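Peer 1: Can you keep this structure in mind? I'll have questions shortly.
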Amino acid sequence: MAIEEAHSEDLLLRYEHAINPGLARVFRFMGLESVEATGHGAILVDEAGEEYLDLAGGYGVMIHGYRHPRIIAAAHHQLERLGQSSRVLLNRPMVELAEALAQVTPGDLSYTFFCNSGAEAIEAALKLSRAATRRSRWISTDGAFHGKTMGALSVSGRRMYQAPFEPLVPGVTQVPFGDADRLAQVMDADVAAVIVEPIQGEGGIIVPPLDYLGRVRSLCDEAGALMIADEVQTGMGRTGRLFAVEHSGVVPDLLCLAKALGGGIMPIGAVVGRPAVWKVFEEQPLIHTSTFGGSPLATAVALEALRVTLDEKLPERSERLGTLALSALQALKDRYPDVLTDVRGRGLMIGMEFPSAGVAGALMTELFQRHVLAVYTLNNERVIRLIPPLVIGDAELGRALDEIQSAVASVAVYAKELEG
Ligand code: PLP
């Protein structure tokens, strides 16, 4: 049997028939019909050769930009040797990456479990917390986003994504994000873990009070519960530190990574844990596994990506450019307070809040017409996030801010009608 070539030139139509009709409609509604072809740095290029300045960075994946030459070279090098592991002989790139992560993560985080996505990292952390504590409860936060597999979904904080899949995994209590007093009220001796994003990403780029993570850590210690930091979006330099927990000097028991870990080309997730948690594997080494997890290709690429991050001082770059962008956007907010109602973030993880999802959507469309890509946050459609590649040039960022200013000015003209 031969595979027939599709006839239609309209890729969106083929999306409609072969991928997801509802999603195809959303793309069409937003006027997003260009087909991605290639990219370099912060620039994405479509099949027609049109260039877009990408402030969405693959939802946080592209910290190093599109096709970073060193990362591509590492992929070629490893691909010539071994892509997937035999899983019988020892896997050198995987050990090298685990050792590097033990060095760069805070405190005594020292062992790594590898998987293939953010949600899988969360699943592993949740399971390990139950096995290590022999307790059943998890506490998570309203508005959290931890992924869409069953466990990760159960600790996430948006009903819309959960309702059709009930019953969810039992034993989850949710408390407001950033409110340590509320957390204290629900802690008890049955809590296996508290899972928290250092800065909520999909919840709308919510930065908690400075002492929040420290208080979460203390409450976990007092109750004998583990602290899981979900750094799938904040990790690997995004917020101005390699890991966002470093802003508050906190060492979680389990640190979840994915997205940018793979250098913009490989799917890879990881859970880095403290020694006490890893006793679970001493008793039963195969208690949690993944066939593809830690493949030589993914881990060799991730190790080179980490080296690039450190060599190019990408966290420092994120902090500097983030400060610049935040102050420019604050000034824009002061000019258009009815349209741009809030601006917040840390490093190059910035949220712009609008009065309604309609206004935010209109801004996205205005930006797209200016060949600037930005997306809203999944659990809060009133917020457009800016999470560009950290390699974005100073001049490119300046241009992005100019275009945002022009787009906000345009939306201001018709924003009232959208709200009504
Ligand atoms: N955790 C956080 C904080 C995320 O932002 C995401 C994805 O956006 C996930 C987990 C899930 O990652 P994935 O989509 O790779 O499963």
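Ordering of the structure tokens sets the chain letters (A, B, ...); residue numbers start at 1 within each chain; ligands are numbered from 1 in the order shown.
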When the cut-off is 10 Å and you count only C-alpha atoms and all ligand atoms, which residues lie near ligand 1, shown as a ChimeraX atom specification?
Peer 2: /A:58-61,116-123,144-149,152-153,156,196-203,229-235,256-260,267-269,377-378
Peer 1: Could those selected residues go to a file with N, CA and C atoms, as a compact mmCIF listing (two decimals), in the first residue's frame?
Peer 2:
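New file selection_6.txt:
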# COMPACT_ATOMS: atom_id res chain seq x y z
N GLY A 58 8.01 29.17 20.82
CA GLY A 58 7.56 27.79 20.98
C GLY A 58 7.00 27.55 22.38
N TYR A 59 6.30 28.52 22.93
CA TYR A 59 5.75 28.44 24.30
C TYR A 59 6.86 28.22 25.33
N GLY A 60 8.03 28.80 25.06
CA GLY A 60 9.10 28.75 26.07
C GLY A 60 10.21 27.78 25.77
N VAL A 61 10.11 27.12 24.62
CA VAL A 61 11.10 26.10 24.27
C VAL A 61 12.40 26.73 23.73
N ASN A 116 10.23 12.68 28.57
CA ASN A 116 10.16 13.30 27.24
C ASN A 116 9.32 14.56 27.15
N SER A 117 8.74 14.99 28.25
CA SER A 117 7.89 16.18 28.21
C SER A 117 7.71 16.74 29.62
N GLY A 118 7.10 17.91 29.69
CA GLY A 118 6.85 18.52 30.98
C GLY A 118 5.87 17.71 31.81
N ALA A 119 4.76 17.31 31.17
CA ALA A 119 3.74 16.56 31.92
C ALA A 119 4.31 15.26 32.48
N GLU A 120 5.16 14.62 31.69
CA GLU A 120 5.76 13.37 32.19
C GLU A 120 6.68 13.62 33.38
N ALA A 121 7.35 14.76 33.37
CA ALA A 121 8.21 15.10 34.52
C ALA A 121 7.34 15.29 35.76
N ILE A 122 6.18 15.93 35.57
CA ILE A 122 5.27 16.15 36.70
C ILE A 122 4.72 14.80 37.20
N GLU A 123 4.33 13.93 36.26
CA GLU A 123 3.84 12.60 36.67
C GLU A 123 4.88 11.90 37.54
N ALA A 144 -2.83 27.01 38.41
CA ALA A 144 -1.58 26.32 38.04
C ALA A 144 -1.74 25.60 36.71
N PHE A 145 -0.64 25.44 36.00
CA PHE A 145 -0.63 24.59 34.81
C PHE A 145 0.55 23.64 34.93
N HIS A 146 0.25 22.33 34.99
CA HIS A 146 1.33 21.36 35.13
C HIS A 146 1.32 20.34 33.99
N GLY A 147 0.42 20.50 33.02
CA GLY A 147 0.37 19.55 31.91
C GLY A 147 -0.98 18.87 31.83
N LYS A 148 -1.15 18.01 30.83
CA LYS A 148 -2.48 17.47 30.56
C LYS A 148 -2.57 15.95 30.63
N THR A 149 -1.54 15.28 31.13
CA THR A 149 -1.73 13.86 31.45
C THR A 149 -2.54 13.80 32.74
N ALA A 152 -0.92 15.14 36.10
CA ALA A 152 -0.59 16.57 35.95
C ALA A 152 -1.86 17.40 35.85
N LEU A 153 -2.84 16.89 35.14
CA LEU A 153 -4.12 17.59 35.00
C LEU A 153 -4.82 17.71 36.35
N SER A 156 -3.55 20.55 38.22
CA SER A 156 -3.63 21.84 37.54
C SER A 156 -4.87 22.59 38.01
N VAL A 196 4.32 23.50 43.06
CA VAL A 196 4.14 24.92 42.80
C VAL A 196 5.09 25.37 41.68
N GLU A 197 4.59 26.29 40.85
CA GLU A 197 5.47 26.96 39.88
C GLU A 197 6.06 28.19 40.57
N PRO A 198 7.36 28.43 40.46
CA PRO A 198 7.94 29.61 41.11
C PRO A 198 7.31 30.91 40.61
N ILE A 199 6.99 30.94 39.33
CA ILE A 199 6.17 32.01 38.74
C ILE A 199 5.13 31.29 37.90
N GLN A 200 3.84 31.56 38.14
CA GLN A 200 2.84 30.85 37.33
C GLN A 200 2.91 31.35 35.89
N GLY A 201 3.07 30.40 34.96
CA GLY A 201 3.18 30.76 33.55
C GLY A 201 1.81 30.86 32.91
N GLU A 202 1.18 29.69 32.70
CA GLU A 202 -0.11 29.67 32.00
C GLU A 202 -1.20 30.35 32.83
N GLY A 203 -1.00 30.47 34.12
CA GLY A 203 -1.98 31.14 34.99
C GLY A 203 -2.05 32.63 34.69
N ALA A 229 9.05 21.76 42.75
CA ALA A 229 9.06 23.02 41.98
C ALA A 229 8.89 22.67 40.50
N ASP A 230 7.84 23.17 39.90
CA ASP A 230 7.62 22.95 38.47
C ASP A 230 8.30 24.10 37.71
N GLU A 231 9.49 23.80 37.20
CA GLU A 231 10.24 24.82 36.44
C GLU A 231 10.26 24.49 34.95
N VAL A 232 9.20 23.81 34.52
CA VAL A 232 9.11 23.45 33.10
C VAL A 232 9.18 24.71 32.23
N GLN A 233 8.52 25.78 32.68
CA GLN A 233 8.52 27.02 31.89
C GLN A 233 9.56 28.04 32.41
N THR A 234 9.75 28.08 33.73
CA THR A 234 10.64 29.11 34.30
C THR A 234 12.11 28.70 34.25
N GLY A 235 12.37 27.39 34.07
CA GLY A 235 13.73 26.88 34.20
C GLY A 235 14.64 27.21 33.03
N CYS A 256 11.27 19.99 38.45
CA CYS A 256 10.83 19.46 37.15
C CYS A 256 11.25 20.40 36.02
N LEU A 257 11.83 19.82 34.98
CA LEU A 257 12.30 20.60 33.83
C LEU A 257 11.79 19.98 32.54
N ALA A 258 11.71 20.78 31.49
CA ALA A 258 11.40 20.28 30.13
C ALA A 258 11.63 21.45 29.18
N LYS A 259 10.71 21.70 28.28
CA LYS A 259 10.78 22.83 27.34
C LYS A 259 12.21 23.15 26.88
N ALA A 260 12.82 24.22 27.44
CA ALA A 260 14.10 24.72 26.94
C ALA A 260 15.26 23.76 27.19
N PRO A 267 12.64 16.86 22.27
CA PRO A 267 11.73 16.74 23.41
C PRO A 267 12.46 16.02 24.54
N ILE A 268 12.52 16.65 25.70
CA ILE A 268 13.14 16.00 26.86
C ILE A 268 12.58 16.64 28.13
N GLY A 269 12.30 15.81 29.10
CA GLY A 269 11.88 16.29 30.41
C GLY A 269 12.79 15.67 31.46
N THR A 377 -1.84 33.25 27.62
CA THR A 377 -1.53 32.17 28.56
C THR A 377 -2.73 31.24 28.65
N LEU A 378 -2.46 29.92 28.72
CA LEU A 378 -3.53 28.92 28.56
C LEU A 378 -4.63 28.99 29.62
Peer 1: I'd like the contact shell of A:Tyr15 - 12 Å cut-off, only C-alpha atoms, skipping same-chain residues fewer than 3 positions apart - returned as number ranges by chain.
Peer 2: A: 6, 8-12, 18-28, 33, 35
Peer 1: Create the file for the chosen residues now, containing N, CA, C and O atoms and written as a compact mmCIF listing (two decimals), in the first residue's frame.
Peer 2:
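Resulting contents of part_36.txt:
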# COMPACT_ATOMS: atom_id res chain seq x y z
N ALA A 6 -1.48 14.34 -0.43
CA ALA A 6 -2.72 15.13 -0.32
C ALA A 6 -2.77 16.12 -1.47
O ALA A 6 -1.75 16.57 -1.95
N SER A 8 -4.81 19.10 -1.60
CA SER A 8 -5.05 20.51 -1.32
C SER A 8 -3.77 21.24 -0.98
O SER A 8 -2.91 20.74 -0.27
N GLU A 9 -3.68 22.48 -1.49
CA GLU A 9 -2.54 23.35 -1.16
C GLU A 9 -2.78 24.01 0.19
O GLU A 9 -1.88 24.59 0.78
N ASP A 10 -4.05 23.96 0.66
CA ASP A 10 -4.43 24.64 1.89
C ASP A 10 -4.10 23.75 3.09
O ASP A 10 -4.84 22.83 3.41
N LEU A 11 -2.98 24.03 3.76
CA LEU A 11 -2.54 23.16 4.85
C LEU A 11 -3.53 23.19 6.02
O LEU A 11 -3.71 22.20 6.72
N LEU A 12 -4.18 24.35 6.19
CA LEU A 12 -5.14 24.47 7.28
C LEU A 12 -6.33 23.53 7.05
O LEU A 12 -6.85 22.93 8.00
N ALA A 18 -7.12 16.15 9.20
CA ALA A 18 -6.20 15.12 9.69
C ALA A 18 -5.69 15.36 11.11
O ALA A 18 -5.13 14.45 11.72
N ILE A 19 -5.86 16.59 11.63
CA ILE A 19 -5.29 16.87 12.95
C ILE A 19 -6.38 17.22 13.97
O ILE A 19 -6.60 16.47 14.93
N ASN A 20 -7.07 18.34 13.74
CA ASN A 20 -7.98 18.83 14.78
C ASN A 20 -8.86 19.93 14.19
O ASN A 20 -8.42 21.08 14.05
N PRO A 21 -10.10 19.60 13.82
CA PRO A 21 -10.97 20.57 13.15
C PRO A 21 -11.18 21.84 13.98
O PRO A 21 -11.17 22.95 13.45
N GLY A 22 -11.35 21.69 15.29
CA GLY A 22 -11.61 22.85 16.15
C GLY A 22 -10.41 23.79 16.15
O GLY A 22 -10.55 25.01 16.04
N LEU A 23 -9.24 23.20 16.25
CA LEU A 23 -8.01 24.01 16.27
C LEU A 23 -7.83 24.72 14.93
O LEU A 23 -7.44 25.90 14.89
N ALA A 24 -8.15 24.01 13.86
CA ALA A 24 -8.03 24.62 12.53
C ALA A 24 -8.92 25.86 12.44
O ALA A 24 -8.52 26.89 11.89
N ARG A 25 -10.12 25.76 13.02
CA ARG A 25 -11.04 26.92 13.01
C ARG A 25 -10.44 28.09 13.77
O ARG A 25 -10.54 29.23 13.35
N VAL A 26 -9.80 27.80 14.92
CA VAL A 26 -9.20 28.88 15.72
C VAL A 26 -8.09 29.57 14.91
O VAL A 26 -8.02 30.80 14.84
N PHE A 27 -7.24 28.77 14.27
CA PHE A 27 -6.16 29.34 13.44
C PHE A 27 -6.74 30.25 12.37
O PHE A 27 -6.28 31.35 12.13
N ARG A 28 -7.80 29.75 11.72
CA ARG A 28 -8.40 30.51 10.62
C ARG A 28 -9.00 31.82 11.15
O ARG A 28 -8.80 32.89 10.58
N GLU A 33 -2.44 31.59 8.93
CA GLU A 33 -2.45 30.56 7.90
C GLU A 33 -1.07 30.32 7.31
O GLU A 33 -0.90 29.52 6.39
N VAL A 35 2.72 28.96 6.98
CA VAL A 35 3.31 27.66 7.33
C VAL A 35 4.77 27.85 7.68
O VAL A 35 5.56 28.37 6.88
Peer 1: Name the closest residue to A:Leu226 among the candidates A:Gly273, A:Gly31, A:Gly39, A:Gly143; distances are taken between atoms, counting only C-alpha atoms.
Peer 2: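 Smallest distance to A:Leu226 is found for A:Gly273.
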Peer 1: As a count of residues only, list the residues of stretch 44-160 of chain A assigned to strand (DSSP E) by DSSP on the backbone atoms of this structure.
Peer 2: 17
Peer 1: With only C-alpha atoms as the atoms that count, which of A:Arg217, A:Val280, A:Lys416, A:Gln78 lies nearest to A:Pro252?
Peer 2: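 With only C-alpha atoms as the atom set, the closest residue is A:Arg217.
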Peer 1: Could you state the separation of atom CA of A:Val277 and atom CA of A:Ala192 in Å, given to one decimal place?
Peer 2: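 Atom-to-atom, atom CA of A:Val277 and atom CA of A:Ala192 are spaced 11.4 Å apart.
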Peer 1: List the spatial neighbours of stretch 386-397 of chain A as a PyMOL selection string - criterion: any atom at most 6 Å away, only C-alpha atoms, same-chain residues fewer than 2 positions off excluded.
Peer 2: chain A and resi 42+55-57+62-65+318+348-350+399-400
Peer 1: Can you list, as a count of residues only, all residues belonging to stretch 97-135 of chain A that DSSP tags as helix (DSSP H, G or I)?
Peer 2: 24
Peer 1: Taking only C-alpha atoms into account, which of A:Pro167, A:Val250, A:Met150, A:Phe292 comes nearest A:Arg87?
Peer 2: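 Residue with the minimum atom-to-atom distance to A:Arg87: A:Phe292.
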Peer 1: Using only C-alpha atoms, which of the listed residues (A:Arg134, A:Leu297, A:Val216, A:Glu381) sits closest to A:Glu80?
Peer 2: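 For A:Glu80, the nearest of the given residues is A:Leu297.
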Peer 1: I'd like the neighbourhood of A:His40 as a list in words, where a residue qualifies if any of its atoms comes within 6 Å (using only C-alpha atoms), though same-chain residues fewer than 2 positions away should be ignored.
Peer 2: Ile43, Tyr66 and Arg67 of chain A
Peer 1: Tell me which of A:Phe354, A:Phe114, A:Trp138, A:Phe29 sits closest to A:Val272, counting only C-alpha atoms.
Peer 2: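 Of all the options, A:Phe114 lies closest to A:Val272.
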